[in-house]
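Asks: The structure is given below, and queries will be raised subsequently.
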Amino acid sequence: MMVARIIDGKQRAAVLRRDIAIGVGHLRDETGITPKLATILVGNDPASAIYVRRKAEQAAAVGMQTESHRLCETIAQAELLSLIDALNRDGAVHGILVQLPLPQHIDKAAVLRAIDPAKDVDGFHPINVGLLASDDHAALDRIIPCTPMGCMMLLVDELGSLEGLNAVVVGCSNIVGRPMAQLLLQARCTVSIAHIHTRNLPDLVAAADILVSAAGAPGLIKGAWVKAGAIVIDVGINHVPNDDGHGSRIVGDVCFDEAKERASAITPVPGGVGPMTIACLLENTLRAASALQARDLPNSETRKKGTPQFA
């Protein structure tokens, strides 16, 4: 019986943060610039507040500066856009992150479009989405969404070359599923993208050498569906009640105990993809700071510094 290797996202994220800290130090020593991340949180959602705090803490730990803006739930959209405009024009700010979700009265698309694409460290601006879908000539200018970037790093660590492998992405969101499929295509995989309404989902999953699930549906992927020897990346973060009826726990989209009997490697939930997401946000902030510093210096090599995105 095969028992999958557990992919330790915490350990990989720690290595990435170490490399980012070195990159931050180099940028500061060579240019006098310290990367600065500005975060915006609208409302009082406890989970969002925790995420924003963790991002700020980890940014500070690698030597970055941070600036936090916590806004009331009822803030007018015009006021939020005015803040983003001010951060866009602030030369000391290199990355801007608006924590999602936003209140219903705020137009999320308008807010994401308002962020300077060069400071859009989440990679959600339409320009960055377009650059992600472009050829390799756009690679230096694009900002990749953090979770798909982290998934690719874990896959490359496991497999080296992904060329020619069958990859299935379950989930088609703009945040994970669609950019994940683009990155796998660029790695020369044969890619299928599915979702919870896909009719032949078990058959599709069974053909996957690489399975990435980001559907947000606990237990959607049964272990029996997983191809023997496949690599399973579970992006799902789902809160479900504990068996005793007291409290809750976090689980992924994949039935972990079943799937680990068939996969060759699998990410746990929690402790797999999650830690990579914040580390990749810091990577994007460092790259944004380097690129913004070099924008007026066309012969500068600064923009190439930092860690290789999928190394």
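Ordered as shown in the structure tokens, chains take letters A, B, and onward, while each chain numbers its residues from 1 and ligands are numbered from 1 in the order shown.
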Identify, on the basis of only C-alpha atoms, every residue whose closest approach to Leu183 (chain A) does not exceed 8 Å; exclude the query and any residue fewer than 6 positions from it along the same chain; express the result as a ChimeraX atom specification.
Replies: /A:132,148,152
Asks: Apply DSSP to the backbone of this structure and, from region 20-230 of chain A, keep only the residues in strand (DSSP E or B); write these as a ChimeraX atom specification.
Replies: /A:36-42,65-71,95-98,120,166-170,190-194,210-213,221
Asks: Compare A:Ile33, A:Ile20, A:Ile40, A:Ile278 by their minimum atom-to-atom distance to Ala92 (chain A), counting only C-alpha atoms, and give me the closest one.
Replies: A:Ile33
Asks: Give me the residues near Gln99 (chain A) as JSON, numbers by chain, where near means some atom within 9 Å (using only C-alpha atoms) and where sequence neighbours in that chain fewer than 2 positions away do not count.
Replies: {"A": [39, 40, 41, 42, 48, 49, 51, 52, 97, 101, 102]}
Asks: Report, in Å to a single decimal, how far apart CA of Gly130 (chain A) and CA of Asp107 (chain A) are.
Replies: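 CA of Gly130 (chain A) lies at a distance of 20.6 Å from CA of Asp107 (chain A).
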Asks: Which residues, written as a list in words, have at least one atom at most 12 Å from Ile22 (chain A), with only C-alpha atoms counted and residues fewer than 2 positions away on the same chain left out?
Replies: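 Near neighbours after the sequence-gap exclusion: Val15, Leu16, Arg17, Arg18, Asp19, Ile20, Val24, Gly25, His26, Leu27, Arg28, Asp29, Ala61, Val62, Gly63, Met64, Glu283, Leu286, Lys305, Gly306 and Thr307 of chain A.
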Asks: Could you pull the residues within 12 Å of Pro202 (chain A), counting only C-alpha atoms, minus those fewer than 6 positions along the same chain, as a PyMOL selection string?
Replies: chain A and resi 168+170+194-196+208+211+220-227
Asks: Go ahead and save the residues from that selection, with C-alpha atoms, as a PDB file, in the first residue's frame.
Replies:
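That gives us result26.pdb:
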ATOM      1  CA  VAL A 168      -6.626  18.823 -13.090  1.00  0.00           C
ATOM      2  CA  VAL A 170     -10.967  21.712  -9.361  1.00  0.00           C
ATOM      3  CA  ALA A 194     -13.331  21.602 -13.332  1.00  0.00           C
ATOM      4  CA  HIS A 195     -15.702  22.683 -10.561  1.00  0.00           C
ATOM      5  CA  ILE A 196     -18.401  21.285  -8.296  1.00  0.00           C
ATOM      6  CA  ALA A 208      -4.653  13.548 -12.998  1.00  0.00           C
ATOM      7  CA  LEU A 211      -4.521  17.386  -8.716  1.00  0.00           C
ATOM      8  CA  LEU A 220     -15.530  16.777  -2.313  1.00  0.00           C
ATOM      9  CA  ILE A 221     -12.620  14.684  -3.618  1.00  0.00           C
ATOM     10  CA  LYS A 222     -12.821  11.070  -2.506  1.00  0.00           C
ATOM     11  CA  GLY A 223      -9.651   9.098  -2.000  1.00  0.00           C
ATOM     12  CA  ALA A 224     -10.781   6.402  -4.442  1.00  0.00           C
ATOM     13  CA  TRP A 225     -10.853   9.001  -7.220  1.00  0.00           C
ATOM     14  CA  VAL A 226      -7.151   9.837  -6.873  1.00  0.00           C
ATOM     15  CA  LYS A 227      -4.774   8.287  -9.369  1.00  0.00           C
TER      16      LYS A 227
END
Asks: For a quick check of understanding, using only C-alpha atoms, which of A:Ala207, A:Ile106, A:Ile233, A:Leu100 has the smallest distance to Ala78 (chain A)?
Replies: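 When distances to Ala78 (chain A) are compared using only C-alpha atoms, the smallest one comes from A:Ile106.
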